[in-house]
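Note: the block below is final-v4.pdb and it holds PDB, C-alpha atoms.
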```
ATOM      1  CA  MET A  23     -23.780  11.571 -19.493
ATOM      2  CA  GLU A  24     -26.535   9.548 -21.050
ATOM      3  CA  ILE A  25     -28.842   7.402 -19.005
ATOM      4  CA  LYS A  26     -28.837   4.719 -21.742
ATOM      5  CA  GLU A  27     -25.093   4.458 -21.516
ATOM      6  CA  PHE A  28     -25.333   4.334 -17.732
ATOM      7  CA  LEU A  29     -27.881   1.525 -17.955
ATOM      8  CA  GLN A  30     -25.582  -0.437 -20.259
ATOM      9  CA  ASN A  31     -22.616   0.108 -17.948
ATOM     10  CA  PHE A  32     -24.764  -1.140 -15.078
ATOM     11  CA  ILE A  33     -25.853  -4.249 -16.983
ATOM     12  CA  ASP A  34     -22.227  -4.949 -17.975
ATOM     13  CA  GLN A  35     -21.409  -5.708 -14.352
ATOM     14  CA  PHE A  36     -23.483  -8.896 -14.535
ATOM     15  CA  ASP A  37     -22.233 -12.006 -16.299
ATOM     16  CA  ASP A  38     -25.360 -13.801 -17.450
ATOM     17  CA  ILE A  39     -28.398 -11.636 -17.394
ATOM     18  CA  ASP A  40     -31.313 -11.016 -19.735
ATOM     19  CA  SER A  41     -30.670  -7.333 -20.401
ATOM     20  CA  LYS A  42     -34.154  -6.821 -21.802
ATOM     21  CA  LYS A  43     -35.571  -7.363 -18.344
ATOM     22  CA  ILE A  44     -33.498  -4.548 -16.888
ATOM     23  CA  THR A  45     -34.892  -1.027 -17.253
ATOM     24  CA  PHE A  46     -34.349   2.358 -15.604
ATOM     25  CA  ASN A  47     -37.164   1.514 -13.201
ATOM     26  CA  THR A  48     -35.788  -1.852 -12.129
ATOM     27  CA  LYS A  49     -35.253  -2.085  -8.384
ATOM     28  CA  TYR A  50     -31.730  -3.332  -8.772
ATOM     29  CA  ARG A  51     -31.462  -5.190  -5.451
ATOM     30  CA  GLU A  52     -34.296  -7.414  -6.646
ATOM     31  CA  ILE A  53     -32.294  -8.661  -9.645
ATOM     32  CA  ASP A  54     -31.588 -12.395  -9.064
ATOM     33  CA  ASP A  55     -27.837 -12.155  -9.526
ATOM     34  CA  TRP A  56     -27.415  -9.067  -7.330
ATOM     35  CA  SER A  57     -24.651  -9.628  -4.739
ATOM     36  CA  SER A  58     -22.118  -7.704  -2.695
ATOM     37  CA  ILE A  59     -19.448  -8.252  -5.352
ATOM     38  CA  ILE A  60     -21.792  -6.881  -8.074
ATOM     39  CA  ALA A  61     -22.472  -3.901  -5.798
ATOM     40  CA  LEU A  62     -18.705  -3.325  -5.539
ATOM     41  CA  SER A  63     -18.420  -3.644  -9.332
ATOM     42  CA  VAL A  64     -21.164  -1.066  -9.867
ATOM     43  CA  LEU A  65     -19.477   1.344  -7.462
ATOM     44  CA  ALA A  66     -16.079   0.765  -9.105
ATOM     45  CA  MET A  67     -17.664   1.294 -12.551
ATOM     46  CA  ILE A  68     -19.174   4.595 -11.356
ATOM     47  CA  ASP A  69     -15.764   5.659 -10.058
ATOM     48  CA  ASP A  70     -14.007   4.666 -13.313
ATOM     49  CA  GLU A  71     -16.542   5.952 -15.838
ATOM     50  CA  TYR A  72     -17.987   8.979 -14.055
ATOM     51  CA  ASP A  73     -15.267   9.873 -11.550
ATOM     52  CA  VAL A  74     -17.804   9.778  -8.729
ATOM     53  CA  GLN A  75     -17.019   8.005  -5.438
ATOM     54  CA  LEU A  76     -20.133   6.760  -3.695
ATOM     55  CA  ASN A  77     -20.199   5.023  -0.341
ATOM     56  CA  ALA A  78     -22.569   2.320   0.856
ATOM     57  CA  THR A  79     -24.831   4.740   2.728
ATOM     58  CA  GLU A  80     -25.365   6.878  -0.366
ATOM     59  CA  MET A  81     -26.021   3.816  -2.478
ATOM     60  CA  ARG A  82     -28.428   2.442   0.098
ATOM     61  CA  ALA A  83     -30.659   5.485  -0.336
ATOM     62  CA  THR A  84     -31.311   4.489  -3.957
ATOM     63  CA  GLU A  85     -33.759   1.871  -5.146
ATOM     64  CA  THR A  86     -33.920   1.901  -8.937
ATOM     65  CA  ILE A  87     -31.195   2.219 -11.545
ATOM     66  CA  GLU A  88     -32.584   5.647 -12.369
ATOM     67  CA  ASP A  89     -32.193   6.732  -8.719
ATOM     68  CA  LEU A  90     -28.576   5.662  -8.898
ATOM     69  CA  TYR A  91     -28.090   7.526 -12.192
ATOM     70  CA  LYS A  92     -29.566  10.712 -10.686
ATOM     71  CA  LEU A  93     -27.293  10.401  -7.676
ATOM     72  CA  VAL A  94     -24.247  10.043  -9.934
ATOM     73  CA  ILE A  95     -25.341  13.064 -12.016
ATOM     74  CA  SER A  96     -25.824  15.170  -8.889
ATOM     75  CA  LYS A  97     -22.327  14.343  -7.651
ATOM     76  CA  ASN A  98     -20.689  14.575 -11.083
ATOM     77  CA  ASN A  99     -21.650  18.240 -11.569
TER      78      ASN A  99
ATOM     79  CA  MET B   1       6.800  -5.925  40.137
ATOM     80  CA  TYR B   2       7.369  -9.167  38.206
ATOM     81  CA  ASN B   3       6.340  -8.705  34.570
ATOM     82  CA  PRO B   4       8.020 -10.702  31.779
ATOM     83  CA  PHE B   5       6.066  -8.600  29.248
ATOM     84  CA  SER B   6       7.459  -5.291  30.481
ATOM     85  CA  LEU B   7       8.757  -2.827  27.892
ATOM     86  CA  LYS B   8      10.570  -0.699  30.451
ATOM     87  CA  GLY B   9      13.549   1.092  28.968
ATOM     88  CA  LYS B  10      12.784   0.028  25.393
ATOM     89  CA  THR B  11      12.507   2.659  22.667
ATOM     90  CA  ILE B  12       9.840   1.724  20.146
ATOM     91  CA  LEU B  13       8.746   3.309  16.856
ATOM     92  CA  VAL B  14       5.087   2.818  15.917
ATOM     93  CA  THR B  15       3.893   3.744  12.409
ATOM     94  CA  GLY B  16       0.258   4.511  11.611
ATOM     95  CA  ALA B  17      -0.141   5.748  15.177
ATOM     96  CA  SER B  18      -2.781   8.370  14.517
ATOM     97  CA  SER B  19      -5.639   5.869  14.630
ATOM     98  CA  GLY B  20      -6.819   2.311  15.146
ATOM     99  CA  ILE B  21      -4.410  -0.463  16.122
ATOM    100  CA  GLY B  22      -1.334   1.808  15.889
ATOM    101  CA  LYS B  23      -2.790   4.395  18.241
ATOM    102  CA  ILE B  24      -3.761   1.860  20.891
ATOM    103  CA  THR B  25      -0.464  -0.032  20.518
ATOM    104  CA  ALA B  26       1.514   3.169  21.111
ATOM    105  CA  ILE B  27      -0.540   4.024  24.196
ATOM    106  CA  GLU B  28      -0.366   0.510  25.680
ATOM    107  CA  CYS B  29       3.397   0.259  25.054
ATOM    108  CA  SER B  30       3.898   3.569  26.854
ATOM    109  CA  LYS B  31       1.896   2.245  29.821
ATOM    110  CA  LEU B  32       4.285  -0.720  29.981
ATOM    111  CA  GLY B  33       7.242   1.606  30.296
ATOM    112  CA  ALA B  34       8.461   2.059  26.713
ATOM    113  CA  ASN B  35       9.678   5.324  25.253
ATOM    114  CA  ILE B  36       7.520   5.766  22.179
ATOM    115  CA  ILE B  37       8.133   7.443  18.847
ATOM    116  CA  ILE B  38       4.903   7.755  16.922
ATOM    117  CA  THR B  39       4.566   8.566  13.268
ATOM    118  CA  GLY B  40       1.635   9.231  10.978
ATOM    119  CA  ARG B  41       0.488  11.532   8.190
ATOM    120  CA  ASN B  42      -2.161  13.519  10.019
ATOM    121  CA  ALA B  43      -0.575  16.019  12.444
ATOM    122  CA  GLU B  44      -3.778  16.766  14.322
ATOM    123  CA  ARG B  45      -4.712  13.140  14.977
ATOM    124  CA  LEU B  46      -1.091  12.204  15.740
ATOM    125  CA  GLN B  47      -1.034  14.952  18.373
ATOM    126  CA  GLU B  48      -4.157  13.398  19.948
ATOM    127  CA  THR B  49      -2.326  10.067  20.293
ATOM    128  CA  PHE B  50       0.774  11.837  21.574
ATOM    129  CA  GLU B  51      -1.160  13.484  24.384
ATOM    130  CA  MET B  52      -2.460  10.082  25.490
ATOM    131  CA  LEU B  53       1.028   8.548  25.850
ATOM    132  CA  GLU B  54       2.436   7.972  29.321
ATOM    133  CA  GLY B  55       5.975   8.959  30.249
ATOM    134  CA  ALA B  56       8.169  11.925  29.437
ATOM    135  CA  ASN B  57      10.480  10.518  26.778
ATOM    136  CA  ASN B  58       8.094  10.197  23.844
ATOM    137  CA  GLN B  59       8.411  11.829  20.418
ATOM    138  CA  MET B  60       6.164  12.397  17.452
ATOM    139  CA  ILE B  61       7.425  12.643  13.884
ATOM    140  CA  ILE B  62       5.041  13.465  11.059
ATOM    141  CA  ALA B  63       5.876  11.392   7.991
ATOM    142  CA  ASP B  64       4.328  10.130   4.777
ATOM    143  CA  LEU B  65       5.770   6.631   4.432
ATOM    144  CA  SER B  66       4.943   6.479   0.719
ATOM    145  CA  CYS B  67       7.429   9.302   0.071
ATOM    146  CA  ASP B  68      11.166   8.449  -0.014
ATOM    147  CA  HIS B  69      12.230  11.848   1.238
ATOM    148  CA  SER B  70       9.836  11.642   4.172
ATOM    149  CA  LEU B  71      10.968   8.086   4.944
ATOM    150  CA  ASP B  72      14.643   9.138   4.948
ATOM    151  CA  SER B  73      13.912  12.080   7.184
ATOM    152  CA  LEU B  74      12.032   9.822   9.647
ATOM    153  CA  VAL B  75      14.979   7.411   9.780
ATOM    154  CA  GLU B  76      17.345  10.338  10.299
ATOM    155  CA  LYS B  77      15.315  11.722  13.231
ATOM    156  CA  CYS B  78      14.859   8.322  14.900
ATOM    157  CA  PRO B  79      16.929   7.481  17.968
ATOM    158  CA  ILE B  80      18.364   3.961  18.395
ATOM    159  CA  LEU B  81      15.411   1.565  18.652
ATOM    160  CA  ASN B  82      14.670  -1.663  20.504
ATOM    161  CA  GLY B  83      11.390  -2.154  18.730
ATOM    162  CA  LEU B  84       9.630  -1.237  15.487
ATOM    163  CA  VAL B  85       5.913  -1.677  14.834
ATOM    164  CA  ASN B  86       5.119  -1.415  11.125
ATOM    165  CA  ASN B  87       1.449  -0.831  11.480
ATOM    166  CA  ALA B  88       0.357   1.826   8.936
ATOM    167  CA  GLY B  89      -2.186   0.333   6.551
ATOM    168  CA  SER B  90      -4.868   1.283   4.083
ATOM    169  CA  THR B  91      -7.292  -0.358   1.711
ATOM    170  CA  ILE B  92      -9.264   0.263  -1.459
ATOM    171  CA  MET B  93     -12.109  -2.166  -2.052
ATOM    172  CA  LEU B  94     -12.785  -3.157  -5.634
ATOM    173  CA  PRO B  95     -13.307  -6.290  -7.718
ATOM    174  CA  THR B  96     -10.394  -7.708  -9.733
ATOM    175  CA  GLN B  97     -11.558  -6.368 -13.114
ATOM    176  CA  PHE B  98     -11.349  -2.787 -11.794
ATOM    177  CA  ILE B  99      -7.743  -2.943 -10.574
ATOM    178  CA  SER B 100      -5.632  -0.131 -11.988
ATOM    179  CA  ARG B 101      -1.891   0.398 -11.637
ATOM    180  CA  GLU B 102      -2.603   3.561  -9.676
ATOM    181  CA  LYS B 103      -4.855   1.872  -7.107
ATOM    182  CA  LEU B 104      -2.652  -1.205  -6.853
ATOM    183  CA  MET B 105       0.370   0.996  -6.163
ATOM    184  CA  GLU B 106      -1.513   3.120  -3.641
ATOM    185  CA  VAL B 107      -2.277   0.072  -1.474
ATOM    186  CA  LEU B 108       1.119  -1.622  -2.009
ATOM    187  CA  GLU B 109       2.979   1.591  -1.140
ATOM    188  CA  ILE B 110       1.495   1.770   2.351
ATOM    189  CA  ASN B 111       0.940  -1.892   3.213
ATOM    190  CA  THR B 112       3.965  -3.544   1.606
ATOM    191  CA  ILE B 113       6.651  -1.187   0.335
ATOM    192  CA  ALA B 114       6.717   1.243   3.285
ATOM    193  CA  PRO B 115       7.247  -1.397   6.004
ATOM    194  CA  ILE B 116       9.934  -3.125   3.901
ATOM    195  CA  LEU B 117      11.854   0.081   3.179
ATOM    196  CA  LEU B 118      11.468   1.494   6.677
ATOM    197  CA  THR B 119      12.864  -1.711   8.178
ATOM    198  CA  GLN B 120      15.668  -1.805   5.589
ATOM    199  CA  LYS B 121      16.665   1.832   6.114
ATOM    200  CA  LEU B 122      16.626   1.582   9.920
ATOM    201  CA  ILE B 123      18.779  -1.564   9.813
ATOM    202  CA  LYS B 124      21.197  -0.063   7.295
ATOM    203  CA  ARG B 125      21.615   3.055   9.443
ATOM    204  CA  LYS B 126      22.106   0.814  12.502
ATOM    205  CA  LYS B 127      19.105   2.350  14.226
ATOM    206  CA  ILE B 128      17.792  -1.039  15.339
ATOM    207  CA  GLN B 129      19.840  -2.527  18.166
ATOM    208  CA  LYS B 130      20.849  -6.140  18.694
ATOM    209  CA  ASN B 131      18.128  -8.122  20.530
ATOM    210  CA  SER B 132      15.420  -5.882  19.059
ATOM    211  CA  SER B 133      12.023  -6.849  17.719
ATOM    212  CA  VAL B 134      10.296  -5.835  14.486
ATOM    213  CA  VAL B 135       6.549  -6.438  14.332
ATOM    214  CA  ILE B 136       4.414  -6.163  11.214
ATOM    215  CA  THR B 137       0.664  -5.727  11.356
ATOM    216  CA  ASP B 138      -0.329  -8.273   8.720
ATOM    217  CA  SER B 139      -3.841  -9.735   8.308
ATOM    218  CA  ILE B 140      -5.693 -13.019   7.963
ATOM    219  CA  SER B 141      -6.681 -11.550   4.582
ATOM    220  CA  GLY B 142      -4.357 -12.822   1.886
ATOM    221  CA  VAL B 143      -2.355 -15.691   3.314
ATOM    222  CA  LYS B 144      -5.325 -17.320   5.063
ATOM    223  CA  VAL B 145      -8.595 -16.048   3.595
ATOM    224  CA  ALA B 146     -10.091 -14.127   0.676
ATOM    225  CA  SER B 147     -13.230 -11.989   0.671
ATOM    226  CA  PRO B 148     -15.171 -10.073  -1.991
ATOM    227  CA  GLY B 149     -13.574  -6.823  -3.071
ATOM    228  CA  ASN B 150     -10.499  -7.357  -0.928
ATOM    229  CA  VAL B 151      -8.061  -8.217  -3.709
ATOM    230  CA  LEU B 152      -5.689  -5.276  -3.315
ATOM    231  CA  TYR B 153      -5.506  -5.520   0.460
ATOM    232  CA  SER B 154      -5.031  -9.313   0.353
ATOM    233  CA  THR B 155      -2.282  -9.021  -2.245
ATOM    234  CA  SER B 156      -0.399  -6.434  -0.191
ATOM    235  CA  LYS B 157      -0.788  -8.401   3.052
ATOM    236  CA  SER B 158       0.334 -11.725   1.535
ATOM    237  CA  ALA B 159       3.420 -10.035   0.129
ATOM    238  CA  ILE B 160       4.413  -8.654   3.509
ATOM    239  CA  TRP B 161       4.182 -12.145   5.022
ATOM    240  CA  GLY B 162       6.904 -13.248   2.594
ATOM    241  CA  PHE B 163       9.005 -10.354   3.832
ATOM    242  CA  VAL B 164       8.474 -11.271   7.510
ATOM    243  CA  LYS B 165       9.801 -14.798   7.034
ATOM    244  CA  ASN B 166      12.789 -13.820   4.905
ATOM    245  CA  ALA B 167      13.762 -10.791   6.972
ATOM    246  CA  ALA B 168      13.510 -12.962  10.118
ATOM    247  CA  LEU B 169      16.059 -15.312   8.585
ATOM    248  CA  ASP B 170      18.330 -12.551   7.275
ATOM    249  CA  LEU B 171      18.333 -10.613  10.543
ATOM    250  CA  ALA B 172      18.659 -13.571  12.907
ATOM    251  CA  GLY B 173      22.437 -13.133  12.812
ATOM    252  CA  LYS B 174      21.974  -9.669  14.282
ATOM    253  CA  GLN B 175      19.636 -11.138  16.937
ATOM    254  CA  ILE B 176      16.816  -9.004  15.514
ATOM    255  CA  ARG B 177      13.493 -10.820  15.487
ATOM    256  CA  VAL B 178      10.781 -10.194  12.875
ATOM    257  CA  ASN B 179       7.210 -11.367  13.474
ATOM    258  CA  ALA B 180       3.686 -10.590  12.380
ATOM    259  CA  VAL B 181       0.252 -10.300  13.915
ATOM    260  CA  CYS B 182      -2.646 -11.373  11.699
ATOM    261  CA  PRO B 183      -5.875  -9.795  12.871
ATOM    262  CA  GLY B 184      -9.318 -10.542  11.549
ATOM    263  CA  MET B 185     -11.749  -7.651  11.436
ATOM    264  CA  ILE B 186     -10.985  -5.132  14.162
ATOM    265  CA  GLU B 187     -13.134  -2.193  15.190
ATOM    266  CA  THR B 188     -11.126   0.652  13.609
ATOM    267  CA  ASN B 189     -12.016   3.326  11.114
ATOM    268  CA  ILE B 190     -10.167   1.671   8.178
ATOM    269  CA  LEU B 191     -13.519   0.966   6.508
ATOM    270  CA  ASP B 192     -15.195   4.299   7.296
ATOM    271  CA  ASN B 193     -16.680   5.787   4.123
ATOM    272  CA  SER B 194     -16.171   2.468   2.385
ATOM    273  CA  MET B 195     -18.663   0.530   0.346
ATOM    274  CA  ILE B 196     -19.537  -1.744   3.274
ATOM    275  CA  SER B 197     -22.882  -1.017   4.922
ATOM    276  CA  ASN B 198     -23.720  -1.516   8.595
ATOM    277  CA  GLU B 199     -26.102  -4.324   7.628
ATOM    278  CA  GLU B 200     -23.306  -6.132   5.776
ATOM    279  CA  MET B 201     -21.063  -5.743   8.820
ATOM    280  CA  SER B 202     -23.726  -7.226  11.117
ATOM    281  CA  GLU B 203     -23.960 -10.228   8.792
ATOM    282  CA  ASP B 204     -20.178 -10.540   8.673
ATOM    283  CA  ILE B 205     -19.888 -10.511  12.480
ATOM    284  CA  LYS B 206     -21.995 -13.693  12.574
ATOM    285  CA  LYS B 207     -19.166 -15.522  10.766
ATOM    286  CA  TYR B 208     -16.886 -15.026  13.769
ATOM    287  CA  PRO B 209     -17.190 -17.887  16.317
ATOM    288  CA  LEU B 210     -16.736 -15.343  19.127
ATOM    289  CA  LYS B 211     -19.608 -13.326  17.562
ATOM    290  CA  ARG B 212     -17.902  -9.976  17.437
ATOM    291  CA  TYR B 213     -15.077  -8.053  15.797
ATOM    292  CA  GLY B 214     -11.857  -7.594  17.737
ATOM    293  CA  LYS B 215     -10.800  -4.521  19.654
ATOM    294  CA  PRO B 216      -7.539  -2.694  18.855
ATOM    295  CA  GLU B 217      -6.299  -3.532  22.392
ATOM    296  CA  GLU B 218      -6.557  -7.230  21.598
ATOM    297  CA  VAL B 219      -4.101  -6.802  18.726
ATOM    298  CA  ALA B 220      -1.908  -4.412  20.705
ATOM    299  CA  TYR B 221      -1.391  -7.043  23.453
ATOM    300  CA  ALA B 222      -0.090  -9.556  20.881
ATOM    301  CA  ILE B 223       2.215  -6.890  19.447
ATOM    302  CA  ILE B 224       3.438  -6.175  22.991
ATOM    303  CA  TYR B 225       4.211  -9.864  23.513
ATOM    304  CA  LEU B 226       6.296  -9.843  20.325
ATOM    305  CA  LEU B 227       8.086  -6.633  21.351
ATOM    306  CA  SER B 228       8.851  -7.891  24.852
ATOM    307  CA  ASP B 229      11.641 -10.237  25.930
ATOM    308  CA  ALA B 230       8.917 -12.805  26.688
ATOM    309  CA  SER B 231       9.044 -13.731  22.989
ATOM    310  CA  SER B 232      12.838 -13.779  22.696
ATOM    311  CA  PHE B 233      12.862 -17.231  20.998
ATOM    312  CA  THR B 234      10.100 -16.332  18.518
ATOM    313  CA  THR B 235      11.016 -15.124  15.024
ATOM    314  CA  GLY B 236       9.407 -15.455  11.582
ATOM    315  CA  ALA B 237       6.121 -16.302  13.288
ATOM    316  CA  SER B 238       2.609 -14.968  12.991
ATOM    317  CA  ILE B 239      -0.079 -14.712  15.635
ATOM    318  CA  VAL B 240      -3.651 -14.994  14.404
ATOM    319  CA  ILE B 241      -6.110 -12.797  16.319
ATOM    320  CA  ASP B 242      -9.448 -13.384  14.655
ATOM    321  CA  GLY B 243     -12.043 -14.600  17.144
ATOM    322  CA  GLY B 244     -11.838 -18.025  15.510
ATOM    323  CA  PHE B 245     -12.790 -16.763  12.029
ATOM    324  CA  THR B 246     -10.255 -18.942  10.188
ATOM    325  CA  LEU B 247     -11.405 -22.084  12.016
ATOM    326  CA  THR B 248     -14.641 -22.312  10.072
TER     327      THR B 248
END
```

Take the structure in this file and express it as structure tokens.
Amino acid sequence: MEIKEFLQNFIDQFDDIDSKKITFNTKYREIDDWSSIIALSVLAMIDDEYDVQLNATEMRATETIEDLYKLVISKNN
Amino acid sequence: MYNPFSLKGKTILVTGASSGIGKITAIECSKLGANIIITGRNAERLQETFEMLEGANNQMIIADLSCDHSLDSLVEKCPILNGLVNNAGSTIMLPTQFISREKLMEVLEINTIAPILLTQKLIKRKKIQKNSSVVITDSISGVKVASPGNVLYSTSKSAIWGFVKNAALDLAGKQIRVNAVCPGMIETNILDNSMISNEEMSEDIKKYPLKRYGKPEEVAYAIIYLLSDASSFTTGASIVIDGGFTLT
């Protein structure tokens, strides 16, 4: 699994967003359009694309997109 | 003792009795004198409920309501009933664009198809007596409100409301009543391990005029009313139990 692909999948969950502003180090909860429905979309995307089921507590422990990626990797293996 | 809500002498089947609203409903019905048949998928947790039932004429039948064979075997083992509580429910939270046939079917199987087929099979086999009551645990979700990520649950719960009304009409000739309870958020474990955090729940609670989620007992008492002869002129109706949530 590539982190670039993961980043793109993450960005795809937003409708209108300047993707250049989003990097691996972005604290995703600070993105303007972040909402509970986007959070659900990200979790559903992770389930669909990576076959990993995360719950809210696990997600809460992550801050950046990279943290989330690492969590998915650790559960995917 | 005078009690128009008594269930004494009634035999009642409760599905989804291993936890939450079903568990408490089974226990409360037994305290009001009913003979209870409980069913659920998890033998260990069902046994826990069984041990909490009052009275000596109770039964437990392990069944997976999403499996035809299991459903038929449950109907076969059931004695003649005076009441049926279709309570088993489940949910998968996801946004609309992530719906898959598999996930849609998983939720529909338990929340919509199982209660319809269980009712149908029990009626066909004449296991539900005249003057009986069928109660469906519906929800405010679907017919009354929508919330983020709740699309599958809402869809399944709106569909069952259509069944309640039509079955009530169809079965009126047999003097069998069909009604629903529509709870708002109740403190059960249906959302354990879900994507909802405790912080989000605390925020959500503030939307309830009574400033809390409901307790399973508070739904069970409405179900008991609908099972009892106190509601003998009520059919095709729904009782909202939501702490005022749908008022705002």

If we count all atoms listed in the file and set the cut-off at 8 Å, which residues sit around Asn150 (chain B), ignoring sequence neighbours fewer than 2 positions away in its own chain? Please answer as a list of chain:residue names.
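The residues that qualify are B:Ile92, B:Met93, B:Leu94, B:Pro95, B:Ser141, B:Ala146, B:Ser147, B:Pro148, B:Leu152, B:Tyr153, B:Ser154.
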
Find the residues around Asn98 (chain A) up to 12 Å (only C-alpha atoms counted), leave out those fewer than 3 positions away in its own chain, and share them as a ChimeraX atom specification.
/A:23,68-69,71-76,91-95

Write a file of the selected residues as a PDB file, in the frame of the given file, keeping C-alpha atoms.
```pdb
ATOM      1  CA  MET A  23     -23.780  11.571 -19.493  1.00  0.00           C
ATOM      2  CA  ILE A  68     -19.174   4.595 -11.356  1.00  0.00           C
ATOM      3  CA  ASP A  69     -15.764   5.659 -10.058  1.00  0.00           C
ATOM      4  CA  GLU A  71     -16.542   5.952 -15.838  1.00  0.00           C
ATOM      5  CA  TYR A  72     -17.987   8.979 -14.055  1.00  0.00           C
ATOM      6  CA  ASP A  73     -15.267   9.873 -11.550  1.00  0.00           C
ATOM      7  CA  VAL A  74     -17.804   9.778  -8.729  1.00  0.00           C
ATOM      8  CA  GLN A  75     -17.019   8.005  -5.438  1.00  0.00           C
ATOM      9  CA  LEU A  76     -20.133   6.760  -3.695  1.00  0.00           C
ATOM     10  CA  TYR A  91     -28.090   7.526 -12.192  1.00  0.00           C
ATOM     11  CA  LYS A  92     -29.566  10.712 -10.686  1.00  0.00           C
ATOM     12  CA  LEU A  93     -27.293  10.401  -7.676  1.00  0.00           C
ATOM     13  CA  VAL A  94     -24.247  10.043  -9.934  1.00  0.00           C
ATOM     14  CA  ILE A  95     -25.341  13.064 -12.016  1.00  0.00           C
TER      15      ILE A  95
END
```

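Interface residues on chain A toward chain B (cut-off 8 Å, only C-alpha atoms): Ser58, Ile59, Leu62, Ser63, Leu65, Ala66, Met67, Leu76, Asn77, Ala78 and Thr79 of chain A.
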
Which residues, named as in the file, does the PyMOL selection byres ((chain A and resi 51) around 10) pick out? Answer as a PyMOL selection string.
chain A and resi 48-50+52-57+61+82+84-87

Could you check how far CA of Leu13 (chain B) sits from CA of Met105 (chain B), in Å to one decimal?
24.6 Å

Going by the chain IDs and residue numbers used in this file, which residues fall under the PyMOL selection byres ((chain B and resi 222) around 10)? Write them as a PyMOL selection string.
chain B and resi 25+135+180-183+217-221+223-228+238-241

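Every residue within 7 Å of the file position (8.9, -4.4, 17.3), judged by all atoms listed in the file, is given as B:Ile12, B:Gly83, B:Leu84, B:Val85, B:Ser132, B:Ser133, B:Val134, B:Val135, B:Leu226, B:Leu227.
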
Will you model N, CA and C atoms for region 104-119 of chain B and pass it back as a compact mmCIF listing (two decimals), in the coordinates of the input?
```
# COMPACT_ATOMS: atom_id res chain seq x y z
N LEU B 104 -3.51 -0.12 -7.34
CA LEU B 104 -2.65 -1.20 -6.85
C LEU B 104 -1.44 -0.61 -6.13
N MET B 105 -0.82 0.39 -6.75
CA MET B 105 0.37 1.00 -6.16
C MET B 105 0.04 1.73 -4.87
N GLU B 106 -1.13 2.37 -4.84
CA GLU B 106 -1.51 3.12 -3.64
C GLU B 106 -1.56 2.20 -2.42
N VAL B 107 -2.15 1.01 -2.59
CA VAL B 107 -2.28 0.07 -1.47
C VAL B 107 -0.92 -0.59 -1.17
N LEU B 108 -0.19 -0.99 -2.22
CA LEU B 108 1.12 -1.62 -2.01
C LEU B 108 2.10 -0.67 -1.32
N GLU B 109 2.05 0.60 -1.71
CA GLU B 109 2.98 1.59 -1.14
C GLU B 109 2.90 1.61 0.38
N ILE B 110 1.67 1.66 0.89
CA ILE B 110 1.50 1.77 2.35
C ILE B 110 1.64 0.42 3.05
N ASN B 111 1.01 -0.61 2.49
CA ASN B 111 0.94 -1.89 3.21
C ASN B 111 2.17 -2.78 3.02
N THR B 112 2.86 -2.64 1.91
CA THR B 112 3.96 -3.54 1.61
C THR B 112 5.31 -2.81 1.50
N ILE B 113 5.36 -1.82 0.63
CA ILE B 113 6.65 -1.19 0.34
C ILE B 113 7.17 -0.37 1.53
N ALA B 114 6.27 0.40 2.16
CA ALA B 114 6.72 1.24 3.28
C ALA B 114 7.31 0.42 4.43
N PRO B 115 6.64 -0.64 4.91
CA PRO B 115 7.25 -1.40 6.00
C PRO B 115 8.57 -2.06 5.61
N ILE B 116 8.68 -2.51 4.35
CA ILE B 116 9.93 -3.12 3.90
C ILE B 116 11.06 -2.09 3.90
N LEU B 117 10.79 -0.93 3.29
CA LEU B 117 11.85 0.08 3.18
C LEU B 117 12.18 0.73 4.52
N LEU B 118 11.19 0.90 5.36
CA LEU B 118 11.47 1.49 6.68
C LEU B 118 12.37 0.56 7.49
N THR B 119 12.04 -0.73 7.47
CA THR B 119 12.86 -1.71 8.18
C THR B 119 14.28 -1.71 7.60
```
